[in-house]
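S.K.: Before we start, here is the structure in question, set down as structure tokens.
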Amino acid sequence: MALHIRKIIFPFARNTTLRSLRYFASENAKIDPNSALKLTDSCVKRLREICIDGSFLRVSVDGGGCSGFQYKFDFDTKLNNDDIVFGPKEARVVIDNVSLDYCAGTTLDYKEELIRAGFVMEGNPKAEEGCSCGASFSIKID
């Protein structure tokens with residue numbers, strides 16, 4: 001699976017959203033929903049504890065953050081037409097297809113540390129570099 005992104009010759013503004021960048025992603029890119037986003041056991045366990053009444057974790061990628069793009073995590077109950085669902089019914093993770101173009105192959109984990117606990121995206125093969133907190137990244141542009 002290869003995502004082809006055309007070379008962009010102008011810098012992104014801080015408030016750029018992926019919806020406005022949709023046309024840069026190749027229409028020929030195919031994403032295998034079974035391997036595009038991996039969920040760790042600790043992620044699924046935590047989601048089973050907190051997702052009640054049909055809620056799920058929505059993951060999205062937006063313009064912004066220290067490195068250009070940032071991961072965003074929200075809880076939601078409404079699916080959109082362009083959403084792709086991962087995980088078992090009681091521990092669902094939902095991501096729209098545009099955001100998935102920027103993080104396919106990434107692992108979603110839940111970490112508990114002394115100073116914080118939360119969901120983190122790890123090992124994004126499309127990220128060139130990221131900030132020290134792990135919340136934002138810059139994409140590789142061929």
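Residue numbering restarts at 1 for every chain of the structure tokens, chains are lettered A, B, ... in their displayed order, and ligands are numbered from 1 as they appear.
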If DSSP is run on the backbone, what residues of range 48-127 of chain A are strand (DSSP E or B)? A reply as an mmCIF file with N, CA and C atoms, in the first residue's frame would be ideal.
M.R.:
data_model
loop_
_atom_site.group_PDB
_atom_site.id
_atom_site.type_symbol
_atom_site.label_atom_id
_atom_site.label_comp_id
_atom_site.auth_asym_id
_atom_site.auth_seq_id
_atom_site.Cartn_x
_atom_site.Cartn_y
_atom_site.Cartn_z
ATOM 1 N N PHE A 56 -17.540 5.655 21.024
ATOM 2 C CA PHE A 56 -16.290 5.138 20.492
ATOM 3 C C PHE A 56 -15.257 6.255 20.482
ATOM 4 N N LEU A 57 -14.001 5.876 20.299
ATOM 5 C CA LEU A 57 -12.915 6.839 20.212
ATOM 6 C C LEU A 57 -12.759 7.269 18.761
ATOM 7 N N ARG A 58 -12.846 8.575 18.523
ATOM 8 C CA ARG A 58 -12.626 9.129 17.189
ATOM 9 C C ARG A 58 -11.214 9.685 17.134
ATOM 10 N N VAL A 59 -10.432 9.197 16.173
ATOM 11 C CA VAL A 59 -9.075 9.683 15.942
ATOM 12 C C VAL A 59 -9.100 10.502 14.660
ATOM 13 N N SER A 60 -8.481 11.670 14.693
ATOM 14 C CA SER A 60 -8.382 12.480 13.488
ATOM 15 C C SER A 60 -7.014 13.142 13.456
ATOM 16 N N VAL A 61 -6.633 13.593 12.285
ATOM 17 C CA VAL A 61 -5.381 14.318 12.087
ATOM 18 C C VAL A 61 -5.758 15.681 11.547
ATOM 19 N N ASP A 62 -5.267 16.725 12.218
ATOM 20 C CA ASP A 62 -5.540 18.102 11.814
ATOM 21 C C ASP A 62 -4.232 18.842 11.619
ATOM 22 N N GLY A 63 -4.291 19.931 10.880
ATOM 23 C CA GLY A 63 -3.136 20.801 10.755
ATOM 24 C C GLY A 63 -2.906 21.516 12.066
ATOM 25 N N GLY A 64 -1.639 21.666 12.443
ATOM 26 C CA GLY A 64 -1.309 22.374 13.674
ATOM 27 C C GLY A 64 -0.294 21.617 14.493
ATOM 28 N N GLY A 68 3.440 20.502 12.499
ATOM 29 C CA GLY A 68 2.660 20.674 11.277
ATOM 30 C C GLY A 68 1.323 19.964 11.277
ATOM 31 N N PHE A 69 1.271 18.738 11.812
ATOM 32 C CA PHE A 69 0.030 17.984 11.915
ATOM 33 C C PHE A 69 -0.073 17.445 13.325
ATOM 34 N N GLN A 70 -1.290 17.287 13.819
ATOM 35 C CA GLN A 70 -1.462 16.773 15.169
ATOM 36 C C GLN A 70 -2.566 15.737 15.227
ATOM 37 N N TYR A 71 -2.381 14.775 16.133
ATOM 38 C CA TYR A 71 -3.405 13.775 16.382
ATOM 39 C C TYR A 71 -4.438 14.374 17.327
ATOM 40 N N LYS A 72 -5.687 14.044 17.076
ATOM 41 C CA LYS A 72 -6.774 14.526 17.916
ATOM 42 C C LYS A 72 -7.616 13.323 18.324
ATOM 43 N N PHE A 73 -7.952 13.237 19.607
ATOM 44 C CA PHE A 73 -8.740 12.141 20.144
ATOM 45 C C PHE A 73 -10.003 12.712 20.786
ATOM 46 N N ASP A 74 -11.161 12.202 20.383
ATOM 47 C CA ASP A 74 -12.444 12.618 20.935
ATOM 48 C C ASP A 74 -13.319 11.381 21.096
ATOM 49 N N PHE A 75 -14.299 11.482 21.967
ATOM 50 C CA PHE A 75 -15.301 10.429 22.058
ATOM 51 C C PHE A 75 -16.539 10.891 21.321
ATOM 52 N N ASP A 76 -17.169 9.973 20.594
ATOM 53 C CA ASP A 76 -18.282 10.308 19.714
ATOM 54 C C ASP A 76 -19.272 9.148 19.729
ATOM 55 N N ASP A 83 -16.104 7.393 7.509
ATOM 56 C CA ASP A 83 -15.434 6.783 8.651
ATOM 57 C C ASP A 83 -15.080 5.328 8.387
ATOM 58 N N ILE A 84 -13.969 4.909 8.951
ATOM 59 C CA ILE A 84 -13.535 3.517 8.925
ATOM 60 C C ILE A 84 -13.422 3.078 10.374
ATOM 61 N N VAL A 85 -13.999 1.931 10.699
ATOM 62 C CA VAL A 85 -14.081 1.455 12.082
ATOM 63 C C VAL A 85 -13.066 0.342 12.302
ATOM 64 N N PHE A 86 -12.365 0.410 13.456
ATOM 65 C CA PHE A 86 -11.393 -0.603 13.851
ATOM 66 C C PHE A 86 -11.762 -1.112 15.236
ATOM 67 N N VAL A 93 -12.632 2.087 17.490
ATOM 68 C CA VAL A 93 -11.876 3.280 17.134
ATOM 69 C C VAL A 93 -12.306 3.641 15.723
ATOM 70 N N VAL A 94 -12.629 4.919 15.515
ATOM 71 C CA VAL A 94 -13.127 5.377 14.227
ATOM 72 C C VAL A 94 -12.208 6.477 13.726
ATOM 73 N N ILE A 95 -11.891 6.409 12.443
ATOM 74 C CA ILE A 95 -11.053 7.426 11.818
ATOM 75 C C ILE A 95 -11.586 7.700 10.421
ATOM 76 N N ASP A 96 -11.621 8.958 10.017
ATOM 77 C CA ASP A 96 -12.093 9.272 8.666
ATOM 78 C C ASP A 96 -11.002 8.917 7.664
ATOM 79 N N THR A 106 0.019 2.979 11.626
ATOM 80 C CA THR A 106 0.358 3.435 12.969
ATOM 81 C C THR A 106 -0.302 2.544 14.013
ATOM 82 N N THR A 107 0.295 2.472 15.185
ATOM 83 C CA THR A 107 -0.254 1.711 16.298
ATOM 84 C C THR A 107 -0.851 2.674 17.319
ATOM 85 N N LEU A 108 -2.090 2.426 17.710
ATOM 86 C CA LEU A 108 -2.749 3.207 18.749
ATOM 87 C C LEU A 108 -2.604 2.463 20.066
ATOM 88 N N ASP A 109 -2.031 3.134 21.054
ATOM 89 C CA ASP A 109 -1.765 2.518 22.350
ATOM 90 C C ASP A 109 -2.368 3.384 23.452
ATOM 91 N N TYR A 110 -2.554 2.785 24.612
ATOM 92 C CA TYR A 110 -2.949 3.527 25.807
ATOM 93 C C TYR A 110 -1.832 3.347 26.813
ATOM 94 N N LYS A 111 -1.275 4.471 27.288
ATOM 95 C CA LYS A 111 -0.146 4.417 28.209
ATOM 96 C C LYS A 111 -0.495 5.102 29.510
ATOM 97 N N GLU A 112 -0.050 4.497 30.581
ATOM 98 C CA GLU A 112 -0.174 5.088 31.907
ATOM 99 C C GLU A 112 1.229 5.325 32.429
ATOM 100 N N ALA A 117 -1.696 9.880 31.661
ATOM 101 C CA ALA A 117 -2.204 8.657 31.050
ATOM 102 C C ALA A 117 -3.022 9.089 29.842
ATOM 103 N N GLY A 118 -2.950 8.318 28.759
ATOM 104 C CA GLY A 118 -3.742 8.672 27.590
ATOM 105 C C GLY A 118 -3.408 7.828 26.384
ATOM 106 N N PHE A 119 -4.154 8.076 25.327
ATOM 107 C CA PHE A 119 -3.959 7.391 24.065
ATOM 108 C C PHE A 119 -2.830 8.060 23.289
ATOM 109 N N VAL A 120 -1.994 7.239 22.656
ATOM 110 C CA VAL A 120 -0.877 7.757 21.865
ATOM 111 C C VAL A 120 -0.778 6.985 20.557
ATOM 112 N N MET A 121 -0.348 7.686 19.526
ATOM 113 C CA MET A 121 -0.094 7.067 18.228
ATOM 114 C C MET A 121 1.414 6.835 18.132
ATOM 115 N N GLU A 122 1.794 5.599 17.792
ATOM 116 C CA GLU A 122 3.211 5.248 17.746
ATOM 117 C C GLU A 122 3.563 4.609 16.414
ATOM 118 N N ALA A 127 5.259 9.600 9.076
ATOM 119 C CA ALA A 127 5.810 10.740 9.807
ATOM 120 C C ALA A 127 7.306 10.834 9.574
#
S.K.: Calculated over only C-alpha atoms, which of the candidates A:Thr77, A:Thr40, A:Lys140, A:Ala104 has the smallest distance to Asn124 in chain A?
M.R.: A:Ala104
S.K.: Just the number, please: distance in Å from CA of Pro88 in chain A to CA of Cys51 in chain A, one decimal.
M.R.: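 Separation of CA of Pro88 in chain A and CA of Cys51 in chain A: 11.5 Å.
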